[in-house]
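Here is the structure we will look at.
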Amino acid sequence: MRIVALAGGIGGARFLRGLKDVITPDDEITVIGNTGDDIHLYGLKVCPDLDTLMYTLGGGIHEEQGWGRAEETWSIKAEMKAYGVGPEWFGLGDKDFATHIVRTQMLAAGYPLSAVTEALCDRWQPGVRLLPMTDDRVETHVRITEQGALRVVHFQEYWVKLHAAVDAEAIIPVGAETAKPAPGVLEAIAAADVILLPPSNPVVSIGTVLAVPGIRAAVAAAPAPVVGLSPIVGGAPVRGMADKVLAAVGVEATAAAVALHYGAELLDGWLVDTADAAAVEPVTAAGITCRAVPLLMTDAEATAAMARAALELAEQERGAR
Ligand code: FO1
């Protein structure tokens, strides 16, 4: 079975680890990763979501944090601080720096991000084919009002420095309108047997992947069933501050509203948490098959059960065609 998943960082990566636990050796997973969170710091290209996916699936992630490397040290950051060079609010550890140096060196030598990602994955062996959504530069910016003045900040500044404490008024995936899907992205979607939307952020993670021209249309037109898992449980994001960016696009932070935001033209199936069982009826009424199952990734077994439920729903949808 060929499984394609569109994914952001921590939530997507943890779900995919559960998915890997339930597939058979004949199954193949292609992950199309969000690159809208990418940021240039200290002259280096940092790809937080691709790295979170690669480290989590390759066994190098800092488990508690959910991002960055396990057993990290922070000498470079301290040295940069001693030179008065920031930003101090973004934590790049020494081991993580090596990834960004290799990536930046390869990009400077002319390799596209997709080839660089493949080379980095050669070391980490994530057990999936990890593709960036695009080789082109896309950067998510957030419009806010601060002390009465309009400001547009990089997504990482909004998320990490400001902790999404101010309202996001607009989410702008800068560069997305002219970006092209990376090599292999449209082909993987067209050839998929199942397309999964993990419980990643529907606006700044999966929404940004879908904003690359051609990707949304390819997913909607794919012969494979498309099944998503709600990142909202009991009316609140499972992690992160997804409610803030949902409000910016006029979507309520509920499991049903997120399904309707994706829409029946994209989604065939939608899993909500048992706490949100009331969402099953409105989502079903919108033409999306909906089931309530436990959706908290509390441990490997619970995550694997979620992945199994998503594959079962996809199988049911395939059978219904
Ligand atoms: N998240 C934080 O909350 N604080 C950080 O200092 C931070 C640094 C960081 C460095 C590399 C990386 O790959 C991810 C990092 N993240 C950090 C996570 C990241 O900001 C976001 O969670 C994602 O971009 C959203 O998917």
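We label chains A, B, ... in the order they appear in the structure tokens, count residues from 1 in each chain, and number ligands from 1 in the order shown.
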Which residues, written as a compact mmCIF listing (two decimals) with N, CA and C atoms, in the first residue's frame, have at least one atom at most 9 Å from Ala307 of chain A, with only C-alpha atoms counted and residues fewer than 5 positions away on the same chain left out?
```txt
# COMPACT_ATOMS: atom_id res chain seq x y z
N PHE A 15 2.41 11.23 15.00
CA PHE A 15 1.40 10.37 14.37
C PHE A 15 2.07 9.41 13.37
N LEU A 16 3.00 9.93 12.58
CA LEU A 16 3.65 9.08 11.57
C LEU A 16 4.48 7.98 12.20
N GLY A 18 3.56 6.43 14.84
CA GLY A 18 2.54 5.42 15.12
C GLY A 18 2.13 4.69 13.86
N LEU A 19 2.06 5.42 12.76
CA LEU A 19 1.68 4.80 11.48
C LEU A 19 2.73 3.75 11.08
N LYS A 20 4.00 4.12 11.27
CA LYS A 20 5.08 3.17 10.93
C LYS A 20 4.95 1.87 11.73
N ASP A 21 4.41 1.99 12.95
CA ASP A 21 4.25 0.80 13.81
C ASP A 21 3.16 -0.15 13.32
N VAL A 22 2.25 0.34 12.47
CA VAL A 22 1.12 -0.53 12.09
C VAL A 22 1.15 -0.97 10.63
N PRO A 198 -2.55 14.06 8.97
CA PRO A 198 -2.34 13.82 10.40
C PRO A 198 -2.86 14.99 11.24
N ALA A 302 -1.40 4.05 21.91
CA ALA A 302 -2.53 4.93 21.60
C ALA A 302 -2.35 5.56 20.21
N GLU A 312 -8.24 2.11 8.60
CA GLU A 312 -9.52 1.38 8.49
C GLU A 312 -10.59 2.25 7.85
```
Using DSSP on the backbone coordinates, identify the residues of segment 73-262 of chain A assigned to strand (DSSP E); present them as a count of residues only. 35
Given 7 Å and only C-alpha atoms and all ligand atoms, residues near ligand 1 as JSON, numbers by chain: {"A": [8, 9, 10, 37, 46, 47, 48, 49, 51, 52, 67, 68, 89, 90, 91, 92, 156, 159, 160, 205]}
Contacts of Phe97 of chain A at 10 Å (only C-alpha atoms; same-chain gap of 6+ positions) as a short mmCIF file (atom, residue, chain, number, x, y, z; two decimals) with N, CA and C atoms, in the first residue's frame:
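Result file follows (result.cif):
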```cif
data_model
loop_
_atom_site.label_atom_id
_atom_site.label_comp_id
_atom_site.auth_asym_id
_atom_site.auth_seq_id
_atom_site.Cartn_x
_atom_site.Cartn_y
_atom_site.Cartn_z
N LEU A 44 22.02 30.65 7.96
CA LEU A 44 21.70 29.23 7.74
C LEU A 44 20.22 29.04 7.46
N LYS A 45 19.93 28.04 6.65
CA LYS A 45 18.53 27.71 6.37
C LYS A 45 18.08 26.64 7.36
N VAL A 46 17.05 27.01 8.15
CA VAL A 46 16.52 26.09 9.16
C VAL A 46 15.13 25.64 8.69
N GLY A 68 14.07 19.63 17.87
CA GLY A 68 15.50 19.65 18.19
C GLY A 68 16.03 18.26 18.54
N ARG A 69 17.34 18.22 18.83
CA ARG A 69 18.01 16.95 19.02
C ARG A 69 18.04 16.50 20.48
N TRP A 74 24.61 23.45 24.02
CA TRP A 74 24.23 24.81 23.58
C TRP A 74 25.40 25.78 23.51
N ILE A 76 27.25 26.88 20.93
CA ILE A 76 27.24 27.88 19.85
C ILE A 76 26.30 29.02 20.22
N LYS A 77 25.14 28.67 20.76
CA LYS A 77 24.16 29.70 21.14
C LYS A 77 24.79 30.65 22.18
N ARG A 103 22.83 21.53 5.32
CA ARG A 103 21.74 21.92 4.40
C ARG A 103 22.11 23.18 3.61
#
```
Quick one: distance from atom CA of Val272 of chain A to atom CA of Ser230 of chain A in Å, one decimal?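 We find that atom CA of Val272 of chain A and atom CA of Ser230 of chain A lie 5.4 Å from each other.
Between atom CA of Met106 of chain A and atom CA of Pro181 of chain A lies a distance of 19.8 Å.
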Between atom CA of Glu281 of chain A and atom CA of Ala259 of chain A lies a distance of 11.9 Å
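Proximity to Leu162 of chain A was assessed for A:Ala211, A:Ile144, A:Met306, A:Ala278 counting only C-alpha atoms; the smallest distance is recorded for A:Ile144.
Among the candidate residues A:Pro126, A:Gly184, A:Gly11, A:Pro25, the one lying nearest to Gly66 of chain A is A:Gly11, with distances computed using only C-alpha atoms.
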Counting only C-alpha atoms, figure out which residue out of A:His40, A:His154, A:His141, A:Arg129 gets nearest to Ala176 of chain A.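 Answer, going by the shortest atom-to-atom distance: A:His141.
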Which one of A:Glu187, A:Glu72, A:Asp167, A:Glu146 sits closest to Ala242 of chain A if you count only C-alpha atoms? A:Asp167
Could you write out, as a PyMOL selection string, all the residues of segment 45-209 of chain A that DSSP marks as alpha helix (DSSP H)? chain A and resi 48-58+75-82+94-108+113-124+155-156+185-191+206-209
